[in-house]
Number of protein chains: 2
Amino acid sequence: MSYATRQREVILGILRQASQPLTAQEIRERANQNRTGIGLATVYRALKIFMAQGEIAQVEIPGTAPCYEPTDRGHHHHFICQHCRQVFDVQGCVRDLEKLAPQDFQVERHDITLYGFCANCVEGHEQPETK
Amino acid sequence: MSYATRQREVILGILRQASQPLTAQEIRERANQNRTGIGLATVYRALKIFMAQGEIAQVEIPGTAPCYEPTDRGHHHHFICQHCRQVFDVQGCVRDLEKLAPQDFQVERHDITLYGFCANCVEGHEQPETK
DNA sequence: CCGAATACGATAATCGATTCTCAAATTCAG
DNA sequence: CTGAATTTGAGAATCGATTATCGTATTCGG
């Protein structure tokens, strides 16, 4: 009912090798760096299939196009660099988040997004400590 | 350089009276419930002006159109009902969020978004405790 | 009150993300 | 290998959010 194709392998491979969530565009660009053209439509078709299979998940970051990442990375959150706009994975979490919601509300899940400057962009922006 | 108009008063009033952040569409709908037509373009023009003045801020929620809320509500976060899709303000916060980021990263701000069912929608969905 | 500056409303235009279309290419069961 | 089912790529089409256009209406200093 579904064929295994070179393109889908490439797309899934790119997502797995990436250290950050990627947008559909970024996936296409990386796919085309090496081999021949993979169409954007194909990327979206593959993403839809992989999401249906639970292989990957969409990460929606305000102000950025939706990103995708493998689901096998466990519970984590994201850091967005205000300078280079890259999205980084952040391990770890905090407890007691559910307690923030009003009592009658039922919290199913949560997202934490940190904004700031990544290691590469810290220099020159908002110097951390002019020690 | 900028005229005070009935429309802008209405728009700002709606945002201030609302208990939740509102989308441009929602603002227009509420404005038109009572009086005569306020165009969507006018809503966007007013929002842009109020944001430039620091009166209101944009709240970007993945999967929802951008919302707007007054800036005088202090530090808080948001809860999105997975059923009715409404956005609720959540008071309070957690500490030590900065510690989640890698050491070389500089955290400037953060967003916490809770997802689940609001008080009105809990019944019938994922019953909390079939006690 | 007058008139220039500014804002309005309706709608068309734009924008970025995503989906659709369709002929050609690929996959894979037999 | 063969052919039916599926997928692909390129570009057109669509979608929702936002912005631009433009003739008319409103604001407000003098």
# chains A, B, ... in the order shown; residues from 1 in each chain; ligands from 1
$ calpha_fit_and_write --fixed "chain A" --moving "chain B" --output "JSON list (two decimals) with C-alpha atoms, in the first residue's frame"
[["chain", "number", "residue", "atom", "x", "y", "z"],
["B", 1, "MET", "CA", 0.15, 0.20, -0.12],
["B", 2, "SER", "CA", 3.20, 2.39, 0.16],
["B", 3, "TYR", "CA", 6.43, 2.04, -1.79],
["B", 4, "ALA", "CA", 9.86, 2.51, -0.31],
["B", 5, "THR", "CA", 11.60, 5.14, -2.39],
["B", 6, "ARG", "CA", 15.04, 6.66, -2.46],
["B", 7, "GLN", "CA", 13.58, 10.09, -1.70],
["B", 8, "ARG", "CA", 11.83, 9.01, 1.47],
["B", 9, "GLU", "CA", 14.94, 7.30, 2.74],
["B", 10, "VAL", "CA", 16.93, 10.44, 2.10],
["B", 11, "ILE", "CA", 14.38, 12.62, 3.86],
["B", 12, "LEU", "CA", 14.12, 10.41, 6.92],
["B", 13, "GLY", "CA", 17.90, 10.08, 7.02],
["B", 14, "ILE", "CA", 18.34, 13.84, 6.98],
["B", 15, "LEU", "CA", 15.91, 14.27, 9.86],
["B", 16, "ARG", "CA", 17.64, 11.59, 11.88],
["B", 17, "GLN", "CA", 21.10, 12.96, 11.31],
["B", 18, "ALA", "CA", 20.10, 16.53, 12.05],
["B", 19, "SER", "CA", 20.79, 17.77, 15.55],
["B", 20, "GLN", "CA", 17.92, 20.21, 15.31],
["B", 21, "PRO", "CA", 14.37, 20.16, 13.99],
["B", 22, "LEU", "CA", 14.26, 21.13, 10.32],
["B", 23, "THR", "CA", 11.75, 22.91, 8.14],
["B", 24, "ALA", "CA", 10.47, 21.41, 4.92],
["B", 25, "GLN", "CA", 12.64, 23.87, 3.02],
["B", 26, "GLU", "CA", 15.73, 22.98, 5.00],
["B", 27, "ILE", "CA", 15.14, 19.32, 4.34],
["B", 28, "ARG", "CA", 14.85, 19.97, 0.64],
["B", 29, "GLU", "CA", 18.00, 22.05, 0.61],
["B", 30, "ARG", "CA", 19.99, 19.41, 2.44],
["B", 31, "ALA", "CA", 18.65, 16.72, 0.16],
["B", 32, "ASN", "CA", 19.69, 18.67, -2.89],
["B", 33, "GLN", "CA", 23.16, 19.49, -1.61],
["B", 34, "ASN", "CA", 24.27, 15.99, -2.34],
["B", 35, "ARG", "CA", 22.16, 14.32, -4.99],
["B", 36, "THR", "CA", 19.73, 15.43, -7.61],
["B", 37, "GLY", "CA", 16.57, 17.37, -7.09],
["B", 38, "ILE", "CA", 13.98, 16.39, -4.57],
["B", 39, "GLY", "CA", 10.83, 18.41, -5.00],
["B", 40, "LEU", "CA", 9.25, 20.30, -2.18],
["B", 41, "ALA", "CA", 6.00, 18.46, -2.81],
["B", 42, "THR", "CA", 7.82, 15.20, -2.26],
["B", 43, "VAL", "CA", 9.18, 16.46, 1.03],
["B", 44, "TYR", "CA", 5.72, 17.36, 2.23],
["B", 45, "ARG", "CA", 4.29, 14.06, 1.07],
["B", 46, "ALA", "CA", 6.99, 12.17, 2.92],
["B", 47, "LEU", "CA", 6.57, 14.26, 6.05],
["B", 48, "LYS", "CA", 2.86, 13.56, 6.08],
["B", 49, "ILE", "CA", 3.46, 9.83, 5.79],
["B", 50, "PHE", "CA", 6.14, 9.76, 8.48],
["B", 51, "MET", "CA", 3.95, 11.76, 10.82],
["B", 52, "ALA", "CA", 1.06, 9.36, 10.25],
["B", 53, "GLN", "CA", 3.42, 6.52, 11.09],
["B", 54, "GLY", "CA", 4.58, 8.31, 14.20],
["B", 55, "GLU", "CA", 8.17, 8.39, 12.96],
["B", 56, "ILE", "CA", 8.46, 12.14, 13.17],
["B", 57, "ALA", "CA", 6.64, 14.99, 14.84],
["B", 58, "GLN", "CA", 5.97, 18.55, 13.91],
["B", 59, "VAL", "CA", 7.47, 21.29, 16.06],
["B", 60, "GLU", "CA", 5.68, 24.58, 15.80],
["B", 61, "ILE", "CA", 7.73, 27.57, 16.79],
["B", 62, "PRO", "CA", 6.12, 30.99, 16.74],
["B", 63, "GLY", "CA", 7.74, 33.16, 14.12],
["B", 64, "THR", "CA", 9.32, 30.24, 12.32],
["B", 65, "ALA", "CA", 8.08, 27.83, 9.73],
["B", 66, "PRO", "CA", 7.00, 24.47, 11.16],
["B", 67, "CYS", "CA", 9.91, 22.11, 11.83],
["B", 68, "TYR", "CA", 10.05, 18.36, 11.95],
["B", 69, "GLU", "CA", 12.09, 15.98, 14.07],
["B", 70, "PRO", "CA", 12.19, 12.25, 14.85],
["B", 71, "THR", "CA", 9.97, 11.15, 17.70],
["B", 72, "ASP", "CA", 12.59, 8.95, 19.31],
["B", 73, "ARG", "CA", 14.30, 11.80, 21.10],
["B", 74, "GLY", "CA", 12.22, 11.67, 24.26],
["B", 75, "HIS", "CA", 10.70, 14.56, 26.12],
["B", 76, "HIS", "CA", 12.56, 17.76, 25.46],
["B", 77, "HIS", "CA", 12.03, 21.38, 24.57],
["B", 78, "HIS", "CA", 13.44, 23.99, 22.25],
["B", 79, "PHE", "CA", 15.69, 27.00, 22.19],
["B", 80, "ILE", "CA", 15.39, 29.57, 19.43],
["B", 81, "CYS", "CA", 18.34, 31.81, 18.69],
["B", 82, "GLN", "CA", 17.11, 35.35, 18.24],
["B", 83, "HIS", "CA", 20.01, 36.06, 15.93],
["B", 84, "CYS", "CA", 20.48, 33.09, 13.60],
["B", 85, "ARG", "CA", 16.89, 31.89, 14.07],
["B", 86, "GLN", "CA", 17.98, 28.28, 14.43],
["B", 87, "VAL", "CA", 16.01, 25.89, 16.58],
["B", 88, "PHE", "CA", 17.96, 23.80, 19.10],
["B", 89, "ASP", "CA", 16.85, 20.88, 21.20],
["B", 90, "VAL", "CA", 17.02, 21.37, 24.95],
["B", 91, "GLN", "CA", 17.10, 18.33, 27.16],
["B", 92, "GLY", "CA", 15.52, 18.23, 30.56],
["B", 93, "CYS", "CA", 12.37, 19.73, 31.93],
["B", 94, "VAL", "CA", 10.90, 21.25, 35.06],
["B", 95, "ARG", "CA", 8.32, 19.85, 37.46],
["B", 96, "ASP", "CA", 5.09, 21.22, 38.79],
["B", 97, "LEU", "CA", 4.11, 22.81, 35.54],
["B", 98, "GLU", "CA", 0.57, 21.47, 35.90],
["B", 99, "LYS", "CA", 0.16, 23.48, 39.06],
["B", 100, "LEU", "CA", 0.26, 26.68, 37.08],
["B", 101, "ALA", "CA", -3.10, 26.04, 35.49],
["B", 102, "PRO", "CA", -6.35, 26.88, 37.26],
["B", 103, "GLN", "CA", -7.66, 24.05, 39.40],
["B", 104, "ASP", "CA", -10.48, 23.01, 37.09],
["B", 105, "PHE", "CA", -8.23, 22.80, 34.08],
["B", 106, "GLN", "CA", -6.71, 19.52, 32.97],
["B", 107, "VAL", "CA", -3.19, 19.78, 31.62],
["B", 108, "GLU", "CA", -2.36, 17.15, 29.02],
["B", 109, "ARG", "CA", 0.99, 18.36, 27.81],
["B", 110, "HIS", "CA", 3.20, 21.42, 27.69],
["B", 111, "ASP", "CA", 5.78, 23.17, 25.62],
["B", 112, "ILE", "CA", 8.64, 25.26, 26.86],
["B", 113, "THR", "CA", 10.43, 27.53, 24.44],
["B", 114, "LEU", "CA", 13.57, 29.41, 25.38],
["B", 115, "TYR", "CA", 14.66, 32.46, 23.42],
["B", 116, "GLY", "CA", 18.11, 33.99, 23.43],
["B", 117, "PHE", "CA", 21.47, 33.69, 21.75],
["B", 118, "CYS", "CA", 23.09, 30.41, 20.87],
["B", 119, "ALA", "CA", 26.74, 29.75, 21.56],
["B", 120, "ASN", "CA", 27.78, 31.01, 18.13],
["B", 121, "CYS", "CA", 25.77, 34.20, 18.28],
["B", 122, "VAL", "CA", 26.36, 35.31, 21.88],
["B", 123, "GLU", "CA", 29.47, 37.28, 20.94],
["B", 124, "GLY", "CA", 28.57, 40.80, 20.00],
["B", 125, "HIS", "CA", 24.97, 40.60, 21.11],
["B", 126, "GLU", "CA", 23.99, 41.64, 24.60],
["B", 127, "GLN", "CA", 27.37, 40.79, 26.00],
["B", 128, "PRO", "CA", 26.62, 38.36, 28.85],
["B", 129, "GLU", "CA", 28.89, 39.87, 31.46],
["B", 130, "THR", "CA", 31.39, 42.61, 30.72],
["B", 131, "LYS", "CA", 33.60, 41.24, 33.42]]
$ select_by_dssp --residues "chain B" --states "helix (DSSP H, G or I)" --output "PyMOL selection string"
chain B and resi 6-17+24-34+40-53+71-73+97-100
$ atom_distance --atom1 "C1' of DG23 in chain D" --atom2 "C1' of DC1 in chain C"
24.1 Å
$ closest_atom_pairs --of "chain D" --to "chain B" --cutoff "10 Å" --atoms "only C-alpha atoms (C1' of nucleotides)" --output "CSV"
residue,atom,partner,partner_atom,distance
D:DG16,C1',B:Ala65,CA,8.7
D:DA17,C1',B:Ala65,CA,7.7
D:DT18,C1',B:Tyr44,CA,7.9
D:DT19,C1',B:Ala41,CA,8.1
D:DA20,C1',B:Ala41,CA,9.9
D:DT26,C1',B:Thr5,CA,8.0
D:DT27,C1',B:Tyr3,CA,6.3
D:DC28,C1',B:Tyr3,CA,8.3
$ write_last_selection --atoms "N, CA, C and O atoms (P, O5', C5', C4', C3', O3' and C1' of nucleotides)" --output "PDB file, in the first residue's frame"
ATOM      1  P    DG D  16      -8.740  28.753   4.621  1.00  0.00           P
ATOM      2  O5'  DG D  16      -7.838  29.467   5.711  1.00  0.00           O
ATOM      3  C5'  DG D  16      -6.690  28.809   6.237  1.00  0.00           C
ATOM      4  C4'  DG D  16      -5.789  29.829   6.879  1.00  0.00           C
ATOM      5  C3'  DG D  16      -6.515  30.975   7.575  1.00  0.00           C
ATOM      6  O3'  DG D  16      -5.789  31.309   8.763  1.00  0.00           O
ATOM      7  C1'  DG D  16      -5.164  31.851   5.853  1.00  0.00           C
ATOM      8  P    DA D  17      -6.234  32.515   9.690  1.00  0.00           P
ATOM      9  O5'  DA D  17      -5.102  33.601   9.393  1.00  0.00           O
ATOM     10  C5'  DA D  17      -3.747  33.246   9.642  1.00  0.00           C
ATOM     11  C4'  DA D  17      -2.849  34.390   9.226  1.00  0.00           C
ATOM     12  C3'  DA D  17      -3.209  35.738   9.848  1.00  0.00           C
ATOM     13  O3'  DA D  17      -2.028  36.324  10.376  1.00  0.00           O
ATOM     14  C1'  DA D  17      -3.070  35.915   7.474  1.00  0.00           C
ATOM     15  P    DT D  18      -2.122  37.756  11.121  1.00  0.00           P
ATOM     16  O5'  DT D  18      -1.774  38.761   9.939  1.00  0.00           O
ATOM     17  C5'  DT D  18      -0.514  38.616   9.277  1.00  0.00           C
ATOM     18  C4'  DT D  18      -0.463  39.535   8.081  1.00  0.00           C
ATOM     19  C3'  DT D  18      -0.686  41.017   8.413  1.00  0.00           C
ATOM     20  O3'  DT D  18       0.539  41.693   8.167  1.00  0.00           O
ATOM     21  C1'  DT D  18      -1.797  40.344   6.418  1.00  0.00           C
ATOM     22  P    DT D  19       0.688  43.247   8.283  1.00  0.00           P
ATOM     23  O5'  DT D  19       0.452  43.712   6.782  1.00  0.00           O
ATOM     24  C5'  DT D  19       1.245  43.137   5.756  1.00  0.00           C
ATOM     25  C4'  DT D  19       0.940  43.819   4.440  1.00  0.00           C
ATOM     26  C3'  DT D  19       0.894  45.342   4.500  1.00  0.00           C
ATOM     27  O3'  DT D  19       1.642  45.826   3.387  1.00  0.00           O
ATOM     28  C1'  DT D  19      -1.098  44.507   3.565  1.00  0.00           C
ATOM     29  P    DA D  20       1.743  47.390   3.080  1.00  0.00           P
ATOM     30  O5'  DA D  20       0.827  47.532   1.793  1.00  0.00           O
ATOM     31  C5'  DA D  20       1.056  46.684   0.679  1.00  0.00           C
ATOM     32  C4'  DA D  20       0.162  47.085  -0.473  1.00  0.00           C
ATOM     33  C3'  DA D  20       0.083  48.587  -0.720  1.00  0.00           C
ATOM     34  O3'  DA D  20       0.061  48.790  -2.126  1.00  0.00           O
ATOM     35  C1'  DA D  20      -2.089  47.738  -0.217  1.00  0.00           C
ATOM     36  P    DT D  26     -18.277  60.110   8.688  1.00  0.00           P
ATOM     37  O5'  DT D  26     -16.923  60.395   9.484  1.00  0.00           O
ATOM     38  C5'  DT D  26     -16.088  59.289   9.821  1.00  0.00           C
ATOM     39  C4'  DT D  26     -14.838  59.790  10.517  1.00  0.00           C
ATOM     40  C3'  DT D  26     -15.097  60.805  11.622  1.00  0.00           C
ATOM     41  O3'  DT D  26     -14.362  60.398  12.759  1.00  0.00           O
ATOM     42  C1'  DT D  26     -13.488  61.632  10.097  1.00  0.00           C
ATOM     43  P    DT D  27     -14.403  61.230  14.114  1.00  0.00           P
ATOM     44  O5'  DT D  27     -13.029  62.022  14.022  1.00  0.00           O
ATOM     45  C5'  DT D  27     -11.814  61.287  13.951  1.00  0.00           C
ATOM     46  C4'  DT D  27     -10.637  62.238  13.978  1.00  0.00           C
ATOM     47  C3'  DT D  27     -10.692  63.269  15.099  1.00  0.00           C
ATOM     48  O3'  DT D  27      -9.417  63.308  15.725  1.00  0.00           O
ATOM     49  C1'  DT D  27     -10.409  64.350  13.015  1.00  0.00           C
ATOM     50  P    DC D  28      -9.201  63.959  17.153  1.00  0.00           P
ATOM     51  O5'  DC D  28      -8.628  65.400  16.783  1.00  0.00           O
ATOM     52  C5'  DC D  28      -7.492  65.485  15.919  1.00  0.00           C
ATOM     53  C4'  DC D  28      -7.252  66.932  15.545  1.00  0.00           C
ATOM     54  C3'  DC D  28      -7.520  67.925  16.679  1.00  0.00           C
ATOM     55  O3'  DC D  28      -6.584  68.974  16.567  1.00  0.00           O
ATOM     56  C1'  DC D  28      -8.818  68.496  14.837  1.00  0.00           C
TER      57       DC D  28
END
$ atom_distance --atom1 "C1' of DA5 in chain D" --atom2 "C1' of DT18 in chain C"
25.3 Å
$ closest_residue --among "C:DA5, C:DA10, C:DC22, C:DA17" --to "chain A" --atoms "only C-alpha atoms (C1' of nucleotides)"
C:DA17
$ atom_distance --atom1 "C1' of DC28 in chain C" --atom2 "C1' of DG11 in chain D"
29.4 Å
$ select_by_dssp --residues "chain B" --states "strand (DSSP E)" --output "PyMOL selection string"
chain B and resi 22-23+56-59+67-70+76-81+87-91+106-117
$ interface_residues --of "chain C" --to "chain B" --cutoff "8 Å" --atoms "only C-alpha atoms (C1' of nucleotides)" --output "PDB file with all heavy atoms, in the first residue's frame"
ATOM      1  P    DT C   6      -0.562  63.622   8.658  1.00  0.00           P
ATOM      2  OP1  DT C   6       0.360  63.575   9.807  1.00  0.00           O
ATOM      3  OP2  DT C   6      -0.099  63.315   7.296  1.00  0.00           O
ATOM      4  O5'  DT C   6      -1.789  62.683   8.999  1.00  0.00           O
ATOM      5  C5'  DT C   6      -2.611  62.996  10.132  1.00  0.00           C
ATOM      6  C4'  DT C   6      -3.771  62.035  10.193  1.00  0.00           C
ATOM      7  O4'  DT C   6      -4.725  62.349   9.154  1.00  0.00           O
ATOM      8  C3'  DT C   6      -3.387  60.565   9.985  1.00  0.00           C
ATOM      9  O3'  DT C   6      -3.750  59.852  11.157  1.00  0.00           O
ATOM     10  C2'  DT C   6      -4.186  60.131   8.757  1.00  0.00           C
ATOM     11  C1'  DT C   6      -5.301  61.159   8.705  1.00  0.00           C
ATOM     12  N1   DT C   6      -5.864  61.428   7.377  1.00  0.00           N
ATOM     13  C2   DT C   6      -7.228  61.297   7.204  1.00  0.00           C
ATOM     14  O2   DT C   6      -7.987  60.966   8.097  1.00  0.00           O
ATOM     15  N3   DT C   6      -7.681  61.588   5.930  1.00  0.00           N
ATOM     16  C4   DT C   6      -6.910  61.985   4.855  1.00  0.00           C
ATOM     17  O4   DT C   6      -7.441  62.214   3.770  1.00  0.00           O
ATOM     18  C5   DT C   6      -5.501  62.106   5.105  1.00  0.00           C
ATOM     19  C7   DT C   6      -4.594  62.522   3.996  1.00  0.00           C
ATOM     20  C6   DT C   6      -5.043  61.813   6.346  1.00  0.00           C
ATOM     21  P    DA C   7      -3.657  58.270  11.212  1.00  0.00           P
ATOM     22  OP1  DA C   7      -3.419  57.922  12.622  1.00  0.00           O
ATOM     23  OP2  DA C   7      -2.760  57.803  10.151  1.00  0.00           O
ATOM     24  O5'  DA C   7      -5.151  57.804  10.860  1.00  0.00           O
ATOM     25  C5'  DA C   7      -6.232  58.398  11.556  1.00  0.00           C
ATOM     26  C4'  DA C   7      -7.525  57.743  11.127  1.00  0.00           C
ATOM     27  O4'  DA C   7      -7.890  58.233   9.818  1.00  0.00           O
ATOM     28  C3'  DA C   7      -7.460  56.223  11.028  1.00  0.00           C
ATOM     29  O3'  DA C   7      -8.614  55.695  11.657  1.00  0.00           O
ATOM     30  C2'  DA C   7      -7.422  55.954   9.535  1.00  0.00           C
ATOM     31  C1'  DA C   7      -8.205  57.141   8.978  1.00  0.00           C
ATOM     32  N9   DA C   7      -7.844  57.543   7.628  1.00  0.00           N
ATOM     33  C8   DA C   7      -6.587  57.812   7.154  1.00  0.00           C
ATOM     34  N7   DA C   7      -6.562  58.191   5.883  1.00  0.00           N
ATOM     35  C5   DA C   7      -7.895  58.155   5.510  1.00  0.00           C
ATOM     36  C6   DA C   7      -8.538  58.454   4.297  1.00  0.00           C
ATOM     37  N6   DA C   7      -7.898  58.860   3.199  1.00  0.00           N
ATOM     38  N1   DA C   7      -9.885  58.310   4.249  1.00  0.00           N
ATOM     39  C2   DA C   7     -10.522  57.909   5.352  1.00  0.00           C
ATOM     40  N3   DA C   7     -10.025  57.615   6.556  1.00  0.00           N
ATOM     41  C4   DA C   7      -8.698  57.767   6.574  1.00  0.00           C
ATOM     42  P    DC C   8      -8.932  54.177  11.642  1.00  0.00           P
ATOM     43  OP1  DC C   8      -9.557  53.852  12.927  1.00  0.00           O
ATOM     44  OP2  DC C   8      -7.715  53.459  11.192  1.00  0.00           O
ATOM     45  O5'  DC C   8     -10.049  54.072  10.518  1.00  0.00           O
ATOM     46  C5'  DC C   8     -11.181  54.921  10.633  1.00  0.00           C
ATOM     47  C4'  DC C   8     -12.185  54.576   9.565  1.00  0.00           C
ATOM     48  O4'  DC C   8     -11.738  55.163   8.327  1.00  0.00           O
ATOM     49  C3'  DC C   8     -12.317  53.070   9.333  1.00  0.00           C
ATOM     50  O3'  DC C   8     -13.635  52.646   9.618  1.00  0.00           O
ATOM     51  C2'  DC C   8     -11.963  52.861   7.864  1.00  0.00           C
ATOM     52  C1'  DC C   8     -11.919  54.254   7.274  1.00  0.00           C
ATOM     53  N1   DC C   8     -10.744  54.461   6.378  1.00  0.00           N
ATOM     54  C2   DC C   8     -10.948  54.723   5.034  1.00  0.00           C
ATOM     55  O2   DC C   8     -12.096  54.767   4.597  1.00  0.00           O
ATOM     56  N3   DC C   8      -9.868  54.928   4.238  1.00  0.00           N
ATOM     57  C4   DC C   8      -8.636  54.891   4.743  1.00  0.00           C
ATOM     58  N4   DC C   8      -7.613  55.111   3.921  1.00  0.00           N
ATOM     59  C5   DC C   8      -8.419  54.614   6.122  1.00  0.00           C
ATOM     60  C6   DC C   8      -9.483  54.406   6.902  1.00  0.00           C
ATOM     61  P    DG C   9     -13.901  51.099   9.660  1.00  0.00           P
ATOM     62  OP1  DG C   9     -15.075  50.895  10.536  1.00  0.00           O
ATOM     63  OP2  DG C   9     -12.641  50.369   9.914  1.00  0.00           O
ATOM     64  O5'  DG C   9     -14.334  50.806   8.165  1.00  0.00           O
ATOM     65  C5'  DG C   9     -15.487  51.446   7.634  1.00  0.00           C
ATOM     66  C4'  DG C   9     -15.769  50.875   6.263  1.00  0.00           C
ATOM     67  O4'  DG C   9     -14.713  51.280   5.363  1.00  0.00           O
ATOM     68  C3'  DG C   9     -15.799  49.345   6.211  1.00  0.00           C
ATOM     69  O3'  DG C   9     -16.852  48.956   5.352  1.00  0.00           O
ATOM     70  C2'  DG C   9     -14.436  48.954   5.652  1.00  0.00           C
ATOM     71  C1'  DG C   9     -14.073  50.152   4.790  1.00  0.00           C
ATOM     72  N9   DG C   9     -12.639  50.473   4.742  1.00  0.00           N
ATOM     73  C8   DG C   9     -11.734  50.371   5.760  1.00  0.00           C
ATOM     74  N7   DG C   9     -10.538  50.775   5.429  1.00  0.00           N
ATOM     75  C5   DG C   9     -10.662  51.178   4.119  1.00  0.00           C
ATOM     76  C6   DG C   9      -9.683  51.717   3.225  1.00  0.00           C
ATOM     77  O6   DG C   9      -8.493  51.955   3.429  1.00  0.00           O
ATOM     78  N1   DG C   9     -10.223  51.992   1.968  1.00  0.00           N
ATOM     79  C2   DG C   9     -11.537  51.788   1.616  1.00  0.00           C
ATOM     80  N2   DG C   9     -11.872  52.101   0.371  1.00  0.00           N
ATOM     81  N3   DG C   9     -12.466  51.280   2.444  1.00  0.00           N
ATOM     82  C4   DG C   9     -11.952  51.000   3.673  1.00  0.00           C
ATOM     83  P    DA C  10     -17.344  47.493   5.253  1.00  0.00           P
ATOM     84  OP1  DA C  10     -18.819  47.540   5.295  1.00  0.00           O
ATOM     85  OP2  DA C  10     -16.599  46.664   6.206  1.00  0.00           O
ATOM     86  O5'  DA C  10     -16.905  47.102   3.776  1.00  0.00           O
ATOM     87  C5'  DA C  10     -17.296  47.946   2.708  1.00  0.00           C
ATOM     88  C4'  DA C  10     -16.609  47.505   1.437  1.00  0.00           C
ATOM     89  O4'  DA C  10     -15.258  48.010   1.434  1.00  0.00           O
ATOM     90  C3'  DA C  10     -16.506  45.984   1.281  1.00  0.00           C
ATOM     91  O3'  DA C  10     -16.959  45.621  -0.003  1.00  0.00           O
ATOM     92  C2'  DA C  10     -15.031  45.673   1.476  1.00  0.00           C
ATOM     93  C1'  DA C  10     -14.351  46.984   1.085  1.00  0.00           C
ATOM     94  N9   DA C  10     -13.114  47.252   1.810  1.00  0.00           N
ATOM     95  C8   DA C  10     -12.848  46.991   3.125  1.00  0.00           C
ATOM     96  N7   DA C  10     -11.656  47.372   3.512  1.00  0.00           N
ATOM     97  C5   DA C  10     -11.099  47.922   2.377  1.00  0.00           C
ATOM     98  C6   DA C  10      -9.855  48.513   2.129  1.00  0.00           C
ATOM     99  N6   DA C  10      -8.904  48.655   3.048  1.00  0.00           N
ATOM    100  N1   DA C  10      -9.612  48.968   0.877  1.00  0.00           N
ATOM    101  C2   DA C  10     -10.570  48.838  -0.050  1.00  0.00           C
ATOM    102  N3   DA C  10     -11.788  48.303   0.059  1.00  0.00           N
ATOM    103  C4   DA C  10     -11.989  47.861   1.325  1.00  0.00           C
TER     104       DA C  10
END
$ decode --residues "range 2-30 of chain C" --atoms "C-alpha atoms (C1' of nucleotides)" --output "PDB file, in the first residue's frame"
ATOM      1  C1'  DC C   2     -12.670  74.966   7.138  1.00  0.00           C
ATOM      2  C1'  DG C   3      -9.451  72.312   5.161  1.00  0.00           C
ATOM      3  C1'  DA C   4      -5.392  69.597   5.259  1.00  0.00           C
ATOM      4  C1'  DA C   5      -4.009  65.459   7.407  1.00  0.00           C
ATOM      5  C1'  DT C   6      -5.301  61.159   8.705  1.00  0.00           C
ATOM      6  C1'  DA C   7      -8.205  57.141   8.978  1.00  0.00           C
ATOM      7  C1'  DC C   8     -11.919  54.254   7.274  1.00  0.00           C
ATOM      8  C1'  DG C   9     -14.073  50.152   4.790  1.00  0.00           C
ATOM      9  C1'  DA C  10     -14.351  46.984   1.085  1.00  0.00           C
ATOM     10  C1'  DT C  11     -11.913  44.469  -1.686  1.00  0.00           C
ATOM     11  C1'  DA C  12      -7.957  43.216  -4.380  1.00  0.00           C
ATOM     12  C1'  DA C  13      -3.289  41.933  -3.881  1.00  0.00           C
ATOM     13  C1'  DT C  14       0.411  39.745  -1.605  1.00  0.00           C
ATOM     14  C1'  DC C  15       2.902  36.463   1.167  1.00  0.00           C
ATOM     15  C1'  DG C  16       4.622  32.044   2.802  1.00  0.00           C
ATOM     16  C1'  DA C  17       3.256  27.473   3.596  1.00  0.00           C
ATOM     17  C1'  DT C  18       1.114  23.683   1.798  1.00  0.00           C
ATOM     18  C1'  DT C  19      -1.587  20.950  -1.521  1.00  0.00           C
ATOM     19  C1'  DC C  20      -3.056  19.715  -6.096  1.00  0.00           C
ATOM     20  C1'  DT C  21      -2.394  18.253 -10.995  1.00  0.00           C
ATOM     21  C1'  DC C  22      -0.694  15.290 -14.312  1.00  0.00           C
ATOM     22  C1'  DA C  23       2.516  13.188 -17.351  1.00  0.00           C
ATOM     23  C1'  DA C  24       6.593  10.518 -16.665  1.00  0.00           C
ATOM     24  C1'  DA C  25       9.337   7.492 -13.641  1.00  0.00           C
ATOM     25  C1'  DT C  26       9.692   4.035 -10.073  1.00  0.00           C
ATOM     26  C1'  DT C  27       8.367   0.116  -7.219  1.00  0.00           C
ATOM     27  C1'  DC C  28       7.378  -4.529  -6.602  1.00  0.00           C
ATOM     28  C1'  DA C  29       4.333  -8.825  -6.749  1.00  0.00           C
ATOM     29  C1'  DG C  30       3.896 -12.622  -9.661  1.00  0.00           C
TER      30       DG C  30
END
